[in-house]
Structure formats: C-alpha cells, structure tokens
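These notes concern the structure reproduced below.
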Amino acid sequence: MAAHIKDLDKRIRSVRNTQQITKAMKMVAAAKLRRTQDRLIAGRPYGNKLTELLAQLASASSIEHPFLAQREVTRRLVMVVSSDKGLCGSYNHNVIRLAHQWLEEHDDADNELYIVGRKANEYFRRRGWTIRKAVTDMGGLIDLPRMQGIADELMRLYLDDEVQQIQVVHTSFVSTLSHRPRVVQLLPFPTEEDGSGDAGAAKTYIYEPSAEVVLQRLLPKSVRVKVFNALADSFTSEHGARMTSMSSATDNAGELIDQLTLYRNRARQAAITQEISEIVGGADALG
Amino acid sequence: MAKTPYHLSIVTPAGRAFEGEVTSLIFPGEDGAIGVWAHHAPMLAAMKPGTLQLEEADHAERIKTFAVGSGFAEVSDNNAILLVDTCEAAEDIDVERAKAAMERAKQRLAEAMRDEGIDRERAEAAMQRAQARLRAAYLRGK
C-alpha cells in the first residue's frame with residue numbers, strides 16, 4: 001500500500017513539472033502574440049491606404065505593367081506559411097491541409113513551393129513536392145527587412161518569368177481563438193470585378209511626375225505589403241494558437257493533479273484505516 | 001495674413017509617424033522638392049528618400065524636419081497623406097551613426113561598381129537614406 005502512495009506522489013510531481021513548462025510556454029506565447037499583433041495593427045493604415053491608391057490609379061488609367069498582366073501559367077509558385085515549432089494545436093495541420101488540397105486541385109501547371117516554417121517543409125519534403133526554397137528560421141517573429149527580402153525575391157522570380165503566377169497559403173488572424181487558413185493570389189494582381197471603385201474615380205489628380213511612374217513605384221510596394229501581411233497574420237495566429245493550446249494543457253494538468261491527489265489521499269486514508277482495524281483486531285484478540 | 005492650416009498625416013508600415021494640422025509642407029518628390037499649402041489641387045506624387053519639412057499650425061515659426069524613405073504623397077481637399085517606408089524626426093537622429101552608415105553605403109556602392117554580384121539598387125537606396133538622415137540632422141540646427 002505504501003508503495004502505491006509513493007507511485008502516486010511521483011506522478012503528481014511529474015505532472016506538476018509539465019504544468020510549469022506549459023504555463024511558461026503559454027506566457028511566452030502571450031507576450032509574442034501581443035508583440036506581433038501590435039505590429040500587424042500598426043501596419044494596417046499604411047497597407048489600406050496603399051491599396052486604396054492603387055485601386056484609384058488602376059481605375060483611372062490603363063497602364064500596362066507585368067504585375068497586372070495575366071500570362072499563361074506553365075509554372076506556378078505556391079508560398080506556404082507554417083510555424084517552425086509545434087505545440088500550437090491544429091495551426092499547422094489546418095494550413096498544410098489546405099495547401100495540399102489546393103495543390104492537388106490545381107495541377108494544370110508545374111507547382112513549386114516556397115516554404116516558410118519547418119513544419120510545412122518537413123511535410124512537403126517527405127511527400128516529394130518540388131521545393132524551390134524553404135525559410136525555416138524566422139521563428140514567428142516579425143523582421144521587416146527580411147520580409148521585404150522575401151517579397152523582392154518573389155517579385156524577381158515572377159519578373160524573370162521563372163514562374164507565371166504566385167499564390168500564398170497562409171493563416172489569417174481573426175481573434176486569439178479563431179484563425180482561418182486561406183489562399184490568396186499574390187502575382188499577377190487579381191483583376192477585380194466589383195464596381196465599388198466608381199465613386200472615387202471622379203476625382204482628377206495631378207500625377208507627379210506621371211501616372212506611369214507612380215504606378216511603377218506603387219506596385220512593388222503593394223507586393224511587399226501583401227507579403228508582410230501574409231507573414232505577420234500567420235505569425236500572430238501561430239502565437240494565438242500556441243497560447244490557447246498551452247492554456248488548455250495547463251488546465252488539463254491541473255485537473256489531473258487534482259484527481260491524482262484525490263486518489264493518493266484516498267489510498268493513504270485506506271492504509272490508515274486498515275492499520276487501525278489491525279491494531280483494534282490485535283487488541284481484541286489479546287483481551 | 002494667417003496661413004490656412006490643413007490636415008497632414010505621415011503613415012509608415014510601423015505606424016503613424018505624424019498627425020496634425022500644418023500650414024505648409026515641403027517633401028522630396030521624385031523629380032525634386034514639392035511644396036504644399038492649403039487648397040492645393042488634388043495630387044498623387046511619388047517620393048524619393050530625402051528630407052521633409054513642415055510648419056505646424058499651432059507652433060508658428062517652428063519648422064519640423066524629418067528624414068523619410070521613398071513613398072507616396074496624396075493631397076486632396078485640404079488633407080494630405082504621406083505613405084513612406086520610414087520616417088525619423090530630425091531630433092531623434094544619431095549623427096555619429098548616420099555618418100557611419102554613410103561610410104558603409106559609400107564603400108558598398110564602390111564595390112558594387114566593380115562587382116556585379118552586389119545589388120547596386122540596394123546600395124544606392126542605402127546611400128540615399130544615409131544622406132537624407134545627415135541632411136535632416138543638419139537642417140535641425142537652423
């Protein structure tokens with residue numbers, strides 16, 4: 001009986017240690033979540049305004065640019081954004097499953113992958129997909145120059161006609177508890193069919209130095225913003241997912257500890273009761 | 001005659017760098033500096049890295065200087081929005097660091113002239129940024 005109590009004590013201690021680790025991970029994830037979310041939100045006005053200007057310019061003029069031209073697609077680059085580390089619930093599973101499904105549905109061209117995050121890299125490498133490049137050391141942290149570098153690299157591949165289309169599979173951050181994986185086309189710019197741009201088209205602008213130059217400058221900046229948003233959105237989701245899953249792991253550990261403690265106390269009480277009845281039994285026999 | 005104020009906001013990917021009422025603004029346009037007063041005609045301009053100066057409406061006589069990266073300026077209905085890569089107030093610029101960055105950029109540019117492998121556009125952009133910062137720091141004293 002005593003041995004049984006000792007075993008239970010050992011288990012309680014081990015669960016408590018695990019709980020401390022998950023609690024620390026939850027706290028780290030919460031801090032990272034706040035940081036990335038702040039950056040994501042701080043970048044929003046810039047991105048929104050840039051998109052607005054672009055829409056205005058595109059509706060006001062008919063300038064040609066490779067980013068706006070739909071070419072025949074023989075090779076397509078698909079960027080998949082996942083995390084480097086696990087323990088973040090279904091975050092990676094969801095985005096990788098969507099990417100895989102999308103790839104199987106779009107086999108009309110040679111698909112190549114540009115991967116961010118070790119998890120997606122392991123998954124697609126094991127299954128023999130063509131991986132042009134894998135970035136596996138961003139660690140879910142926002143690094144503006146690095147993200148711009150990735151955007152520039154993607155644009156170069158597109159302009160050099162290495163690929164004719166670029167899609168991005170990433171996770172969009174709705175709230176700490178809710179993230180949605182999705183596919184968006186990065187290049188060429190998808191042609192928008194809705195007529196909502198008509199209201200702003202009435203204003204006539206002076207373009208300085210010219211509409212062509214302004215558009216030429218706007219387009220690459222817009223790609224950079226889109227890449228930044230896709231990555232920052234995913235990283236924020238990653239930390240949110242990790243925080244949530246570590247939080248429930250901590251709760252589960254707490255429940256487990258409660259239950260084990262109950263068993264241990266019950267076992268201890270049973271041992272004491274038995275001992276007393278043995279003593280009483282022994283005294284009775286003597287008397 | 002008091003100058004008419006208008007609204008200006010300077011927005012960067014890292015957040016809002018300036019927001020308020022100003023009476024005049026001079027920013028580095030792609031083909032040279034462009035000045036904006038109130039009631040300017042609607043304009044959309046490309047900006048190159050350089051220095052930007054503005055006069056705040058409630059701090060008459062005080063000119064604020066910034067070093068900005070490349071970007072765009074939209075002016076319409078007495079409302080100006082500048083979208084720039086970076087924006088640093090002249091007060092916050094560390095002259096020693098800016099000088100060091102300038103030296104590095106010069107060296108890189110010289111290497112880029114000889115060696116095809118180095119991205120010349122990048123080196124040039126770094127050079128322009130360093131120049132803008134130094135100029136902004138210089139103008140601050142005036």
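Residues in the structure tokens are numbered from 1 in each chain, the chains being A, B, ... in the order shown, and ligands are numbered from 1 in the order shown.
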
Dump as a PDB file with N, CA, C and O atoms, in the first residue's frame the residues of chain B that approach chain A to within 6 Å, counting only C-alpha atoms.
ATOM      1  N   VAL B  11       2.242  58.261 -42.617  1.00  0.00           N
ATOM      2  CA  VAL B  11       1.998  56.873 -42.243  1.00  0.00           C
ATOM      3  C   VAL B  11       3.132  55.990 -42.744  1.00  0.00           C
ATOM      4  O   VAL B  11       3.541  56.095 -43.902  1.00  0.00           O
ATOM      5  N   THR B  12       3.661  55.145 -41.855  1.00  0.00           N
ATOM      6  CA  THR B  12       4.696  54.193 -42.253  1.00  0.00           C
ATOM      7  C   THR B  12       4.200  52.786 -41.908  1.00  0.00           C
ATOM      8  O   THR B  12       3.236  52.640 -41.169  1.00  0.00           O
ATOM      9  N   PRO B  13       4.886  51.744 -42.445  1.00  0.00           N
ATOM     10  CA  PRO B  13       4.462  50.379 -42.098  1.00  0.00           C
ATOM     11  C   PRO B  13       4.546  50.121 -40.593  1.00  0.00           C
ATOM     12  O   PRO B  13       3.908  49.223 -40.079  1.00  0.00           O
ATOM     13  N   ALA B  14       5.325  50.917 -39.864  1.00  0.00           N
ATOM     14  CA  ALA B  14       5.457  50.693 -38.419  1.00  0.00           C
ATOM     15  C   ALA B  14       4.446  51.514 -37.622  1.00  0.00           C
ATOM     16  O   ALA B  14       4.442  51.470 -36.405  1.00  0.00           O
ATOM     17  N   GLY B  15       3.606  52.264 -38.304  1.00  0.00           N
ATOM     18  CA  GLY B  15       2.597  53.060 -37.606  1.00  0.00           C
ATOM     19  C   GLY B  15       2.579  54.506 -38.071  1.00  0.00           C
ATOM     20  O   GLY B  15       3.265  54.872 -39.022  1.00  0.00           O
ATOM     21  N   PRO B  42      -5.815  68.471 -56.103  1.00  0.00           N
ATOM     22  CA  PRO B  42      -5.596  67.046 -55.841  1.00  0.00           C
ATOM     23  C   PRO B  42      -4.332  66.550 -56.551  1.00  0.00           C
ATOM     24  O   PRO B  42      -4.138  66.828 -57.741  1.00  0.00           O
ATOM     25  N   MET B  43      -3.483  65.844 -55.808  1.00  0.00           N
ATOM     26  CA  MET B  43      -2.215  65.409 -56.396  1.00  0.00           C
ATOM     27  C   MET B  43      -1.821  64.060 -55.824  1.00  0.00           C
ATOM     28  O   MET B  43      -2.067  63.759 -54.654  1.00  0.00           O
ATOM     29  N   LEU B  44      -1.218  63.260 -56.667  1.00  0.00           N
ATOM     30  CA  LEU B  44      -0.659  61.987 -56.225  1.00  0.00           C
ATOM     31  C   LEU B  44       0.788  61.956 -56.707  1.00  0.00           C
ATOM     32  O   LEU B  44       1.040  61.981 -57.911  1.00  0.00           O
ATOM     33  N   ALA B  45       1.725  61.981 -55.771  1.00  0.00           N
ATOM     34  CA  ALA B  45       3.133  62.113 -56.160  1.00  0.00           C
ATOM     35  C   ALA B  45       3.966  60.968 -55.616  1.00  0.00           C
ATOM     36  O   ALA B  45       3.719  60.468 -54.521  1.00  0.00           O
ATOM     37  N   ALA B  46       4.960  60.575 -56.407  1.00  0.00           N
ATOM     38  CA  ALA B  46       5.934  59.589 -55.926  1.00  0.00           C
ATOM     39  C   ALA B  46       7.032  60.345 -55.198  1.00  0.00           C
ATOM     40  O   ALA B  46       7.431  61.428 -55.615  1.00  0.00           O
TER      41      ALA B  46
END

Non-local contacts of stretch 86-94 of chain A (10 Å; only C-alpha atoms; under 6 positions in same chain excluded) as a VMD selection string: chain A and resid 22 25 29 117 to 120 123 170 to 171 179 to 182 234 237 to 246 249

Between atom CA of A:Asn265 and atom CA of A:Asp9, distance in Å (one decimal): 10.2 Å

Spatial neighbours of A:Arg76, 12 Å, only C-alpha atoms, chain gap at least 3 places, as a PyMOL selection string: chain A and resi 71-73+79+103+106-114+130-132+154+157-158+161-168+185-188

Restricted to N, CA and C atoms, what would the selected residues look like written as a tab-separated table (two decimals), in the first residue's frame?
chain	number	residue	atom	x	y	z
A	71	ARG	N	-0.57	36.17	-67.55
A	71	ARG	CA	0.16	35.37	-68.53
A	71	ARG	C	-0.32	33.92	-68.44
A	72	GLU	N	0.00	33.17	-69.49
A	72	GLU	CA	-0.32	31.75	-69.44
A	72	GLU	C	0.59	31.09	-68.41
A	73	VAL	N	0.00	30.28	-67.55
A	73	VAL	CA	0.76	29.72	-66.43
A	73	VAL	C	1.29	28.34	-66.78
A	79	MET	N	3.45	29.75	-52.10
A	79	MET	CA	4.12	30.02	-50.84
A	79	MET	C	3.24	29.50	-49.72
A	103	LEU	N	-3.18	22.36	-53.90
A	103	LEU	CA	-2.18	21.91	-54.88
A	103	LEU	C	-2.73	20.76	-55.73
A	106	HIS	N	-5.15	22.07	-58.28
A	106	HIS	CA	-4.60	22.93	-59.32
A	106	HIS	C	-3.34	22.31	-59.92
A	107	ASP	N	-3.51	21.17	-60.59
A	107	ASP	CA	-2.36	20.51	-61.17
A	107	ASP	C	-2.23	20.81	-62.67
A	108	ASP	N	-2.83	21.93	-63.10
A	108	ASP	CA	-2.77	22.32	-64.51
A	108	ASP	C	-1.41	22.89	-64.88
A	109	ALA	N	-0.58	23.20	-63.89
A	109	ALA	CA	0.76	23.74	-64.17
A	109	ALA	C	1.74	23.08	-63.21
A	110	ASP	N	3.05	23.26	-63.49
A	110	ASP	CA	4.07	22.74	-62.56
A	110	ASP	C	4.06	23.59	-61.31
A	111	ASN	N	3.74	22.96	-60.21
A	111	ASN	CA	3.71	23.72	-58.96
A	111	ASN	C	5.03	23.57	-58.20
A	112	GLU	N	5.56	24.71	-57.80
A	112	GLU	CA	6.75	24.69	-56.96
A	112	GLU	C	6.40	25.38	-55.66
A	113	LEU	N	7.12	24.98	-54.60
A	113	LEU	CA	6.77	25.53	-53.30
A	113	LEU	C	7.84	26.47	-52.77
A	114	TYR	N	7.37	27.53	-52.15
A	114	TYR	CA	8.26	28.43	-51.40
A	114	TYR	C	7.74	28.36	-49.98
A	130	THR	N	8.15	19.57	-55.17
A	130	THR	CA	9.30	20.39	-55.56
A	130	THR	C	9.34	21.62	-54.66
A	131	ILE	N	10.44	21.77	-53.94
A	131	ILE	CA	10.57	22.93	-53.07
A	131	ILE	C	11.66	23.84	-53.59
A	132	ARG	N	11.27	25.02	-54.02
A	132	ARG	CA	12.26	25.95	-54.55
A	132	ARG	C	13.09	26.53	-53.43
A	154	LEU	N	10.47	37.03	-54.47
A	154	LEU	CA	9.29	36.53	-55.18
A	154	LEU	C	9.05	37.35	-56.44
A	157	LEU	N	11.52	36.41	-59.19
A	157	LEU	CA	11.17	35.15	-59.84
A	157	LEU	C	10.07	35.36	-60.87
A	158	TYR	N	9.13	36.22	-60.51
A	158	TYR	CA	8.00	36.48	-61.39
A	158	TYR	C	8.43	37.30	-62.61
A	161	ASP	N	10.30	35.58	-65.31
A	161	ASP	CA	9.48	34.57	-65.96
A	161	ASP	C	9.83	33.14	-65.51
A	162	GLU	N	10.43	33.02	-64.33
A	162	GLU	CA	10.69	31.69	-63.76
A	162	GLU	C	9.35	31.05	-63.39
A	163	VAL	N	8.46	31.88	-62.89
A	163	VAL	CA	7.10	31.42	-62.61
A	163	VAL	C	6.15	32.48	-63.17
A	164	GLN	N	4.92	32.05	-63.50
A	164	GLN	CA	3.97	32.99	-64.10
A	164	GLN	C	2.86	33.37	-63.15
A	165	GLN	N	2.88	32.72	-61.99
A	165	GLN	CA	1.83	33.04	-61.03
A	165	GLN	C	2.34	32.71	-59.63
A	166	ILE	N	1.96	33.52	-58.65
A	166	ILE	CA	2.36	33.24	-57.28
A	166	ILE	C	1.13	33.26	-56.38
A	167	GLN	N	0.94	32.16	-55.65
A	167	GLN	CA	-0.16	32.06	-54.70
A	167	GLN	C	0.42	31.97	-53.30
A	168	VAL	N	-0.32	32.44	-52.33
A	168	VAL	CA	0.14	32.35	-50.95
A	168	VAL	C	-0.91	31.62	-50.11
A	185	GLN	N	-4.01	35.10	-54.17
A	185	GLN	CA	-3.09	35.26	-55.29
A	185	GLN	C	-2.26	36.52	-55.09
A	186	LEU	N	-0.94	36.34	-55.15
A	186	LEU	CA	-0.04	37.48	-54.96
A	186	LEU	C	0.26	38.15	-56.29
A	187	LEU	N	0.68	37.35	-57.26
A	187	LEU	CA	1.02	37.89	-58.57
A	187	LEU	C	0.52	36.95	-59.68
A	188	PRO	N	0.06	37.49	-60.81
A	188	PRO	CA	-0.23	38.90	-61.04
A	188	PRO	C	-1.39	39.35	-60.15

For A:Leu262, the nearest of the candidates A:Val135, A:Ile5, A:Ala55, A:Leu219, counting only C-alpha atoms: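 Counting only C-alpha atoms, the residue closest to A:Leu262 is A:Ile5.
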
Secondary structure check, helix (DSSP H, G or I) residues of stretch 42-114 of chain B, as a PyMOL selection string: chain B and resi 90-92+95-114
